[in-house]
file my_file-v1.tsv (TSV, C-alpha atoms and all ligand atoms)
chain	number	residue	atom	x	y	z
I	16	MET	CA	12.70	-27.94	81.38
I	17	THR	CA	16.22	-28.13	82.75
I	18	ASN	CA	18.69	-25.44	83.76
I	19	LEU	CA	21.69	-27.49	82.71
I	20	LYS	CA	24.53	-25.85	80.84
I	21	SER	CA	25.27	-27.72	77.67
I	22	HIS	CA	29.10	-27.70	78.15
I	23	PRO	CA	30.05	-28.16	81.81
I	24	SER	CA	33.76	-27.72	82.52
I	25	PRO	CA	35.67	-31.00	83.15
I	26	ALA	CA	36.22	-30.01	86.78
I	27	ARG	CA	32.49	-29.74	87.31
I	28	GLU	CA	31.54	-32.87	85.39
I	29	ASP	CA	31.69	-35.32	88.30
I	30	ARG	CA	29.91	-32.99	90.67
I	31	SER	CA	27.22	-32.24	88.13
I	32	SER	CA	26.75	-35.81	86.84
I	33	ASN	CA	23.95	-36.47	89.28
I	34	ARG	CA	22.25	-33.25	88.29
I	35	ILE	CA	22.60	-34.24	84.62
I	36	LYS	CA	20.96	-37.60	85.35
I	37	LYS	CA	18.16	-35.86	87.23
I	38	GLY	CA	17.78	-33.38	84.37
I	39	ALA	CA	17.58	-36.19	81.82
I	40	ALA	CA	14.94	-37.92	83.93
I	41	ARG	CA	12.92	-34.68	84.10
I	42	SER	CA	13.26	-34.32	80.32
I	43	ARG	CA	11.89	-37.86	79.84
I	44	ARG	CA	8.95	-36.95	82.05
I	45	ARG	CA	8.05	-33.88	79.96
I	46	PRO	CA	4.62	-34.46	78.46
I	47	PRO	CA	4.37	-35.05	74.71
I	48	ARG	CA	3.34	-31.94	72.76
I	49	ILE	CA	0.23	-32.07	70.58
I	50	VAL	CA	1.06	-31.12	66.98
I	51	GLU	CA	-2.30	-31.92	65.41
I	52	LYS	CA	-5.61	-33.38	66.42
I	53	ILE	CA	-8.57	-34.53	64.38
I	54	LEU	CA	-11.77	-35.41	66.18
I	55	ASP	CA	-15.32	-36.35	65.41
I	56	VAL	CA	-14.86	-38.06	62.06
I	57	ARG	CA	-17.91	-40.15	61.20
I	58	ILE	CA	-17.06	-43.13	59.01
I	59	PRO	CA	-19.81	-45.60	58.19
I	60	ASN	CA	-18.57	-48.97	59.40
I	61	ARG	CA	-19.79	-52.48	60.06
I	62	HIS	CA	-19.89	-51.89	63.84
I	63	GLY	CA	-22.12	-48.82	63.72
I	64	ARG	CA	-22.14	-45.70	65.92
I	65	LEU	CA	-18.34	-45.47	66.08
I	66	THR	CA	-16.55	-42.15	65.64
I	67	PHE	CA	-12.89	-41.79	64.73
I	68	GLY	CA	-10.12	-39.33	65.52
I	69	ALA	CA	-6.36	-38.93	65.62
I	70	TYR	CA	-3.61	-37.10	67.45
I	71	ARG	CA	-0.08	-36.43	66.31
I	72	PHE	CA	2.46	-35.77	69.05
I	73	GLN	CA	5.99	-34.48	69.24
I	74	MET	CA	7.62	-36.64	71.89
I	75	PRO	CA	10.17	-35.17	74.34
I	76	ASP	CA	12.96	-37.09	72.54
I	77	GLY	CA	12.05	-35.51	69.18
I	78	ARG	CA	10.13	-38.41	67.62
I	79	THR	CA	6.61	-37.96	66.34
I	80	GLN	CA	3.92	-40.36	67.45
I	81	GLU	CA	0.45	-40.90	66.04
I	82	ILE	CA	-2.46	-42.13	68.08
I	83	TYR	CA	-5.82	-43.04	66.63
I	84	LEU	CA	-9.11	-42.94	68.48
I	85	ILE	CA	-12.26	-44.98	68.08
I	86	TYR	CA	-15.08	-43.88	70.34
I	87	VAL	CA	-18.76	-43.76	71.10
I	88	ASN	CA	-18.95	-40.98	73.69
I	89	VAL	CA	-16.18	-39.34	75.69
I	90	HIS	CA	-18.27	-36.81	77.62
I	91	ALA	CA	-19.47	-38.92	80.56
I	92	SER	CA	-18.11	-38.19	84.05
I	93	VAL	CA	-16.45	-41.61	83.94
I	94	VAL	CA	-15.41	-42.89	80.50
I	95	ASN	CA	-14.80	-46.56	79.63
I	96	VAL	CA	-11.30	-46.53	78.16
I	97	ARG	CA	-9.13	-49.14	76.52
I	98	ILE	CA	-5.56	-48.60	75.36
I	99	ASN	CA	-5.38	-51.12	72.53
I	100	SER	CA	-1.93	-51.92	71.16
I	101	PRO	CA	-2.20	-52.49	67.40
I	102	CYS	CA	-1.68	-56.00	66.07
I	103	PHE	CA	-1.18	-56.08	62.30
I	104	THR	CA	-1.96	-59.76	61.81
I	105	GLY	CA	-4.64	-59.92	64.52
I	106	ASP	CA	-6.61	-56.69	64.13
I	107	ILE	CA	-6.65	-56.71	60.34
I	108	PHE	CA	-6.50	-60.38	59.38
I	109	GLY	CA	-7.98	-62.16	62.40
I	110	ASN	CA	-4.80	-64.09	63.20
I	111	ASN	CA	-5.88	-67.26	65.02
I	112	ARG	CA	-2.66	-67.47	67.04
I	113	CYS	CA	-3.43	-64.36	69.12
I	114	ASP	CA	-6.45	-62.89	70.86
I	115	CYS	CA	-5.95	-59.24	69.76
I	116	ASN	CA	-8.80	-59.22	67.25
I	117	TRP	CA	-11.07	-60.92	69.78
I	118	GLN	CA	-10.18	-58.36	72.47
I	119	LEU	CA	-10.70	-55.39	70.13
I	120	LEU	CA	-14.11	-56.63	68.96
I	121	GLU	CA	-15.15	-57.35	72.54
I	122	THR	CA	-14.11	-53.82	73.54
I	123	LEU	CA	-16.17	-52.32	70.71
I	124	ARG	CA	-19.13	-54.39	71.87
I	125	ILE	CA	-18.72	-53.10	75.44
I	126	ILE	CA	-18.48	-49.42	74.53
I	127	LYS	CA	-21.39	-49.66	72.08
I	128	ASP	CA	-23.60	-51.48	74.61
I	129	ARG	CA	-22.82	-48.89	77.28
I	130	ARG	CA	-22.90	-45.97	74.84
I	131	ASN	CA	-19.78	-44.72	76.51
I	132	GLY	CA	-16.21	-45.46	75.65
I	133	LEU	CA	-12.96	-44.69	73.96
I	134	VAL	CA	-10.37	-46.94	72.35
I	135	ILE	CA	-6.91	-45.38	72.22
I	136	TYR	CA	-4.94	-47.02	69.42
I	137	PRO	CA	-1.26	-45.97	69.59
I	138	LEU	CA	0.41	-46.87	66.30
I	139	GLU	CA	3.79	-46.79	68.06
I	140	HIS	CA	2.79	-49.88	70.03
I	141	ARG	CA	2.79	-52.20	67.00
I	142	GLY	CA	4.38	-55.50	68.00
I	143	ARG	CA	4.47	-54.30	71.63
I	144	SER	CA	6.58	-51.36	70.39
I	145	LEU	CA	9.09	-53.70	68.72
I	146	GLY	CA	7.48	-53.29	65.28
I	147	ILE	CA	5.59	-55.39	62.79
I	148	VAL	CA	8.72	-57.27	61.70
I	149	ASN	CA	9.15	-58.55	65.23
I	150	GLU	CA	5.44	-59.34	65.39
I	151	LEU	CA	5.94	-61.58	62.34
I	152	ARG	CA	9.09	-63.12	63.87
I	153	TYR	CA	7.06	-63.90	67.00
I	154	PHE	CA	4.38	-65.77	65.05
I	155	GLY	CA	7.12	-67.49	63.03
I	156	LEU	CA	8.53	-68.86	66.30
I	157	LEU	CA	5.06	-70.04	67.34
I	158	ALA	CA	4.72	-71.83	64.00
I	159	GLU	CA	8.04	-73.58	64.74
I	160	GLY	CA	6.52	-74.91	67.95
I	161	LYS	CA	7.77	-72.45	70.55
I	162	THR	CA	5.38	-71.54	73.36
I	163	PRO	CA	4.13	-67.90	73.46
I	164	ARG	CA	6.26	-67.32	76.52
I	165	ASP	CA	9.46	-68.72	74.96
I	166	ALA	CA	8.83	-66.84	71.70
I	167	ALA	CA	8.33	-63.56	73.59
I	168	ASN	CA	11.48	-64.15	75.63
I	169	ALA	CA	13.49	-64.93	72.49
I	170	LEU	CA	12.54	-61.52	71.04
I	171	GLY	CA	13.06	-59.49	74.21
I	172	GLN	CA	9.34	-59.11	74.75
I	173	ASN	CA	9.58	-60.34	78.32
I	174	ARG	CA	9.91	-56.63	79.16
I	175	ASP	CA	7.17	-54.17	78.20
I	176	HIS	CA	8.68	-51.57	75.86
I	177	ARG	CA	5.51	-49.52	75.47
I	178	ASP	CA	5.38	-45.85	76.48
I	179	PHE	CA	1.87	-44.80	77.53
I	180	SER	CA	2.63	-41.10	78.09
I	181	ALA	CA	0.98	-39.94	74.82
I	182	CYS	CA	-2.11	-42.01	75.71
I	183	VAL	CA	-2.33	-40.13	79.00
I	184	ALA	CA	-1.91	-36.84	77.11
I	185	VAL	CA	-4.91	-37.77	74.93
I	186	LEU	CA	-7.06	-38.38	78.02
I	187	LYS	CA	-6.00	-35.08	79.59
I	188	ASP	CA	-6.59	-33.14	76.38
I	189	LEU	CA	-10.08	-34.61	76.10
I	190	GLY	CA	-10.76	-33.61	79.72
I	191	ILE	CA	-11.10	-37.24	80.82
I	192	GLY	CA	-9.92	-37.41	84.43
I	193	ALA	CA	-11.77	-40.53	85.58
I	194	VAL	CA	-11.95	-43.83	83.73
I	195	ARG	CA	-13.27	-47.33	83.98
I	196	ILE	CA	-10.35	-49.08	82.33
I	197	ILE	CA	-10.98	-51.98	79.95
I	198	THR	CA	-7.97	-54.24	80.44
I	199	ASN	CA	-6.57	-57.37	82.01
I	200	ASN	CA	-3.15	-55.75	82.35
I	201	PRO	CA	-2.44	-54.30	85.81
I	202	HIS	CA	0.60	-52.40	84.47
I	203	LYS	CA	-1.63	-50.19	82.28
I	204	THR	CA	-3.90	-49.49	85.24
I	205	ALA	CA	-0.92	-48.60	87.44
I	206	PHE	CA	0.59	-46.30	84.79
I	207	LEU	CA	-2.64	-44.32	84.36
I	208	ARG	CA	-3.04	-44.04	88.11
I	209	ARG	CA	0.55	-42.78	88.51
I	210	SER	CA	-0.17	-40.24	85.76
I	211	GLY	CA	-3.01	-38.66	87.69
I	212	ILE	CA	-5.95	-40.42	85.99
I	213	ARG	CA	-8.55	-41.64	88.50
I	214	ILE	CA	-9.34	-45.34	88.01
I	215	ILE	CA	-12.96	-45.76	89.07
I	216	GLY	CA	-13.19	-49.39	88.01
I	217	ARG	CA	-11.87	-52.07	85.69
I	218	ILE	CA	-13.66	-54.05	83.02
I	219	PRO	CA	-11.74	-57.28	82.25
I	220	ILE	CA	-11.81	-58.78	78.78
I	221	VAL	CA	-12.80	-62.36	79.47
I	222	ILE	CA	-11.69	-64.71	76.72
I	223	PRO	CA	-13.89	-67.82	76.45
I	224	GLN	CA	-12.12	-70.80	78.01
I	225	ASP	CA	-12.12	-72.74	74.74
I	226	LYS	CA	-10.27	-69.98	72.84
I	227	HIS	CA	-6.61	-69.00	72.88
I	228	GLU	CA	-5.65	-71.16	75.85
I	229	ASP	CA	-1.92	-70.81	75.16
I	230	VAL	CA	-2.18	-67.02	74.76
I	231	ARG	CA	-4.13	-66.82	77.98
I	232	ALA	CA	-1.46	-68.88	79.79
I	233	ALA	CA	1.28	-66.53	78.52
I	234	ASN	CA	-0.67	-63.49	79.67
I	235	VAL	CA	-1.35	-65.02	83.08
I	236	ALA	CA	2.43	-65.43	83.37
I	237	ARG	CA	2.73	-61.69	82.61
I	238	GLY	CA	0.39	-60.96	85.52
I	239	HIS	CA	-2.78	-60.27	83.53
I	240	GLN	CA	-6.06	-60.54	85.43
I	241	PHE	CA	-9.05	-62.09	83.74
I	242	ARG	CA	-11.47	-61.65	86.60
I	243	GLY	CA	-12.72	-58.50	88.19
I	244	PRO	CA	-15.69	-56.24	88.65
I	245	LYS	CA	-17.71	-55.70	85.51
I	301	ZN	ZN	-2.08	-60.07	68.13
call {"tool": "encode", "arguments": {"input": "my_file-v1.tsv", "output": "structure tokens"}}
result
Amino acid sequence: MTNLKSHPSPAREDRSSNRIKKGAARSRRRPPRIVEKILDVRIPNRHGRLTFGAYRFQMPDGRTQEIYLIYVNVHASVVNVRINSPCFTGDIFGNNRCDCNWQLLETLRIIKDRRNGLVIYPLEHRGRSLGIVNELRYFGLLAEGKTPRDAANALGQNRDHRDFSACVAVLKDLGIGAVRIITNNPHKTAFLRRSGIRIIGRIPIVIPQDKHEDVRAANVARGHQFRGPK
């Protein structure tokens, strides 16, 4: 919350501009508000033992955001957690030019084997938060012969546009304070840590060397780590 007056007098505008900026920053840091949550929905599926859920949030800037959950068990003292950005062509159709489907299936295998784990699936993150149209543009550029790195740069994907604050709000609402994060991306780990989630360990998703070599190279350039404690 801010104490700012909505119509500062012109004489006070300069003096108060810093306070306005600080107020805006505080407003951006306000946690998303939960509008609706649905948990514990059992849907028979080919993977077995998976439960589904959803949250709808009102974001501090007024937008709504939906986050879906796929989980095995979220009641352990340390929960295996993956924040999985949706990929329309990869997750649904098994796109061979990206490793998203591979990473999602590997995550499901891990959480089923360990009987502990949660996949947070933020719909807002489609196309790395640039939308499905841009996801299609990206793969169009790959088809034209661009490298993953050049295609991402051409679409402004060299910067990560994703906002993980609603994902953190899901963890806090579920009472999950300590996680073993399933990721290769150190930025996700750092964001959760900054948000007060204890990172007890990291489980990397190790893509077989013979698969997705170009995708792997692009992710290495983004700082992703493919090795680490299991
Ligand atoms: Zn993908």
call {"tool": "closest_residue", "arguments": {"input": "my_file-v1.tsv", "among": "I:Ala158, I:Ile98, I:Val194, I:Cys182", "to": "I:Arg71", "atoms": "only C-alpha atoms"}}
result
I:Cys182
call {"tool": "closest_residue", "arguments": {"input": "my_file-v1.tsv", "among": "I:Gly155, I:Gly192, I:Gly216, I:Gly109", "to": "I:Ser92", "atoms": "all atoms listed in the file"}}
result
I:Gly192
call {"tool": "closest_atom_pairs", "arguments": {"input": "my_file-v1.tsv", "of": "chain I", "to": "ligand ZN 301 (chain I)", "cutoff": "6 Å", "atoms": "all atoms listed in the file", "output": "Markdown table"}}
result
| residue | atom | partner | partner_atom | distance |
| --- | --- | --- | --- | --- |
| I:Cys102 | CA | I:ZN301 | ZN | 4.6 |
| I:Gly105 | CA | I:ZN301 | ZN | 4.4 |
| I:Cys113 | CA | I:ZN301 | ZN | 4.6 |
| I:Asp114 | CA | I:ZN301 | ZN | 5.9 |
| I:Cys115 | CA | I:ZN301 | ZN | 4.3 |
call {"tool": "residues_around", "arguments": {"input": "my_file-v1.tsv", "residues": "I:Asp128", "least_positions_apart": "4", "cutoff": "12 Å", "atoms": "all atoms listed in the file", "output": "JSON list (two decimals) with C-alpha atoms, in the coordinates of the input"}}
result
[["chain", "number", "residue", "atom", "x", "y", "z"],
["I", 62, "HIS", "CA", -19.89, -51.89, 63.84],
["I", 63, "GLY", "CA", -22.12, -48.82, 63.72],
["I", 64, "ARG", "CA", -22.14, -45.70, 65.92],
["I", 65, "LEU", "CA", -18.34, -45.47, 66.08],
["I", 87, "VAL", "CA", -18.76, -43.76, 71.10],
["I", 88, "ASN", "CA", -18.95, -40.98, 73.69],
["I", 95, "ASN", "CA", -14.80, -46.56, 79.63],
["I", 121, "GLU", "CA", -15.15, -57.35, 72.54],
["I", 122, "THR", "CA", -14.11, -53.82, 73.54],
["I", 123, "LEU", "CA", -16.17, -52.32, 70.71],
["I", 124, "ARG", "CA", -19.13, -54.39, 71.87],
["I", 132, "GLY", "CA", -16.21, -45.46, 75.65]]
call {"tool": "atom_distance", "arguments": {"input": "my_file-v1.tsv", "atom1": "atom CA of I:Val183", "atom2": "atom CA of I:Leu207"}}
result
6.8 Å
call {"tool": "closest_residue", "arguments": {"input": "my_file-v1.tsv", "among": "I:Ile147, I:Ala184, I:Ile196, I:Pro219", "to": "I:Arg44", "atoms": "all atoms listed in the file"}}
result
I:Ala184
call {"tool": "residues_around", "arguments": {"input": "my_file-v1.tsv", "residues": "I:Leu186", "least_positions_apart": "6", "cutoff": "10 Å", "atoms": "only C-alpha atoms", "output": "list in words"}}
result
Val89, Val94, Val96, Leu133, Ile135, Gly192, Ala193, Val194, Leu207 and Ile212 of chain I
call {"tool": "atom_distance", "arguments": {"input": "my_file-v1.tsv", "atom1": "atom CA of I:Arg57", "atom2": "atom CA of I:Leu84"}}
result
11.8 Å
call {"tool": "atom_distance", "arguments": {"input": "my_file-v1.tsv", "atom1": "atom CA of I:Asn131", "atom2": "atom CA of I:Ala91"}}
result
7.1 Å
call {"tool": "axis_aligned_box", "arguments": {"input": "my_file-v1.tsv", "around": "stretch 70-76 of chain I", "padding_each_side": "5 Å", "output": "AutoDock Vina command-line options"}}
result
--center_x 4.7 --center_y -35.8 --center_z 70.3 --size_x 26.6 --size_y 12.6 --size_z 18.0
call {"tool": "closest_residue", "arguments": {"input": "my_file-v1.tsv", "among": "I:Thr162, I:Ser210, I:Thr79, I:Thr66", "to": "I:Val134", "atoms": "only C-alpha atoms"}}
result
I:Thr66
call {"tool": "closest_residue", "arguments": {"input": "my_file-v1.tsv", "among": "I:Ile126, I:Val148, I:Leu189, I:Ile220", "to": "I:Ala69", "atoms": "all atoms listed in the file"}}
result
I:Leu189
call {"tool": "closest_residue", "arguments": {"input": "my_file-v1.tsv", "among": "I:Gln118, I:Arg213, I:Phe206, I:Ala181", "to": "I:Arg78", "atoms": "all atoms listed in the file"}}
result
I:Ala181
call {"tool": "residues_around", "arguments": {"input": "my_file-v1.tsv", "residues": "I:Asn110", "least_positions_apart": "5", "cutoff": "12 Å", "atoms": "all atoms listed in the file", "output": "PyMOL selection string"}}
result
chain I and resi 102-105+115-117+150-151+154+227
call {"tool": "write_last_selection", "arguments": {"input": "my_file-v1.tsv", "atoms": "C-alpha atoms", "output": "short mmCIF file (atom, residue, chain, number, x, y, z; two decimals), keeping the file's coordinate frame"}}
result
data_model
loop_
_atom_site.label_atom_id
_atom_site.label_comp_id
_atom_site.auth_asym_id
_atom_site.auth_seq_id
_atom_site.Cartn_x
_atom_site.Cartn_y
_atom_site.Cartn_z
CA CYS I 102 -1.68 -56.00 66.07
CA PHE I 103 -1.18 -56.08 62.30
CA THR I 104 -1.96 -59.76 61.81
CA GLY I 105 -4.64 -59.92 64.52
CA CYS I 115 -5.95 -59.24 69.76
CA ASN I 116 -8.80 -59.22 67.25
CA TRP I 117 -11.07 -60.92 69.78
CA GLU I 150 5.44 -59.34 65.39
CA LEU I 151 5.94 -61.58 62.34
CA PHE I 154 4.38 -65.77 65.05
CA HIS I 227 -6.61 -69.00 72.88
#
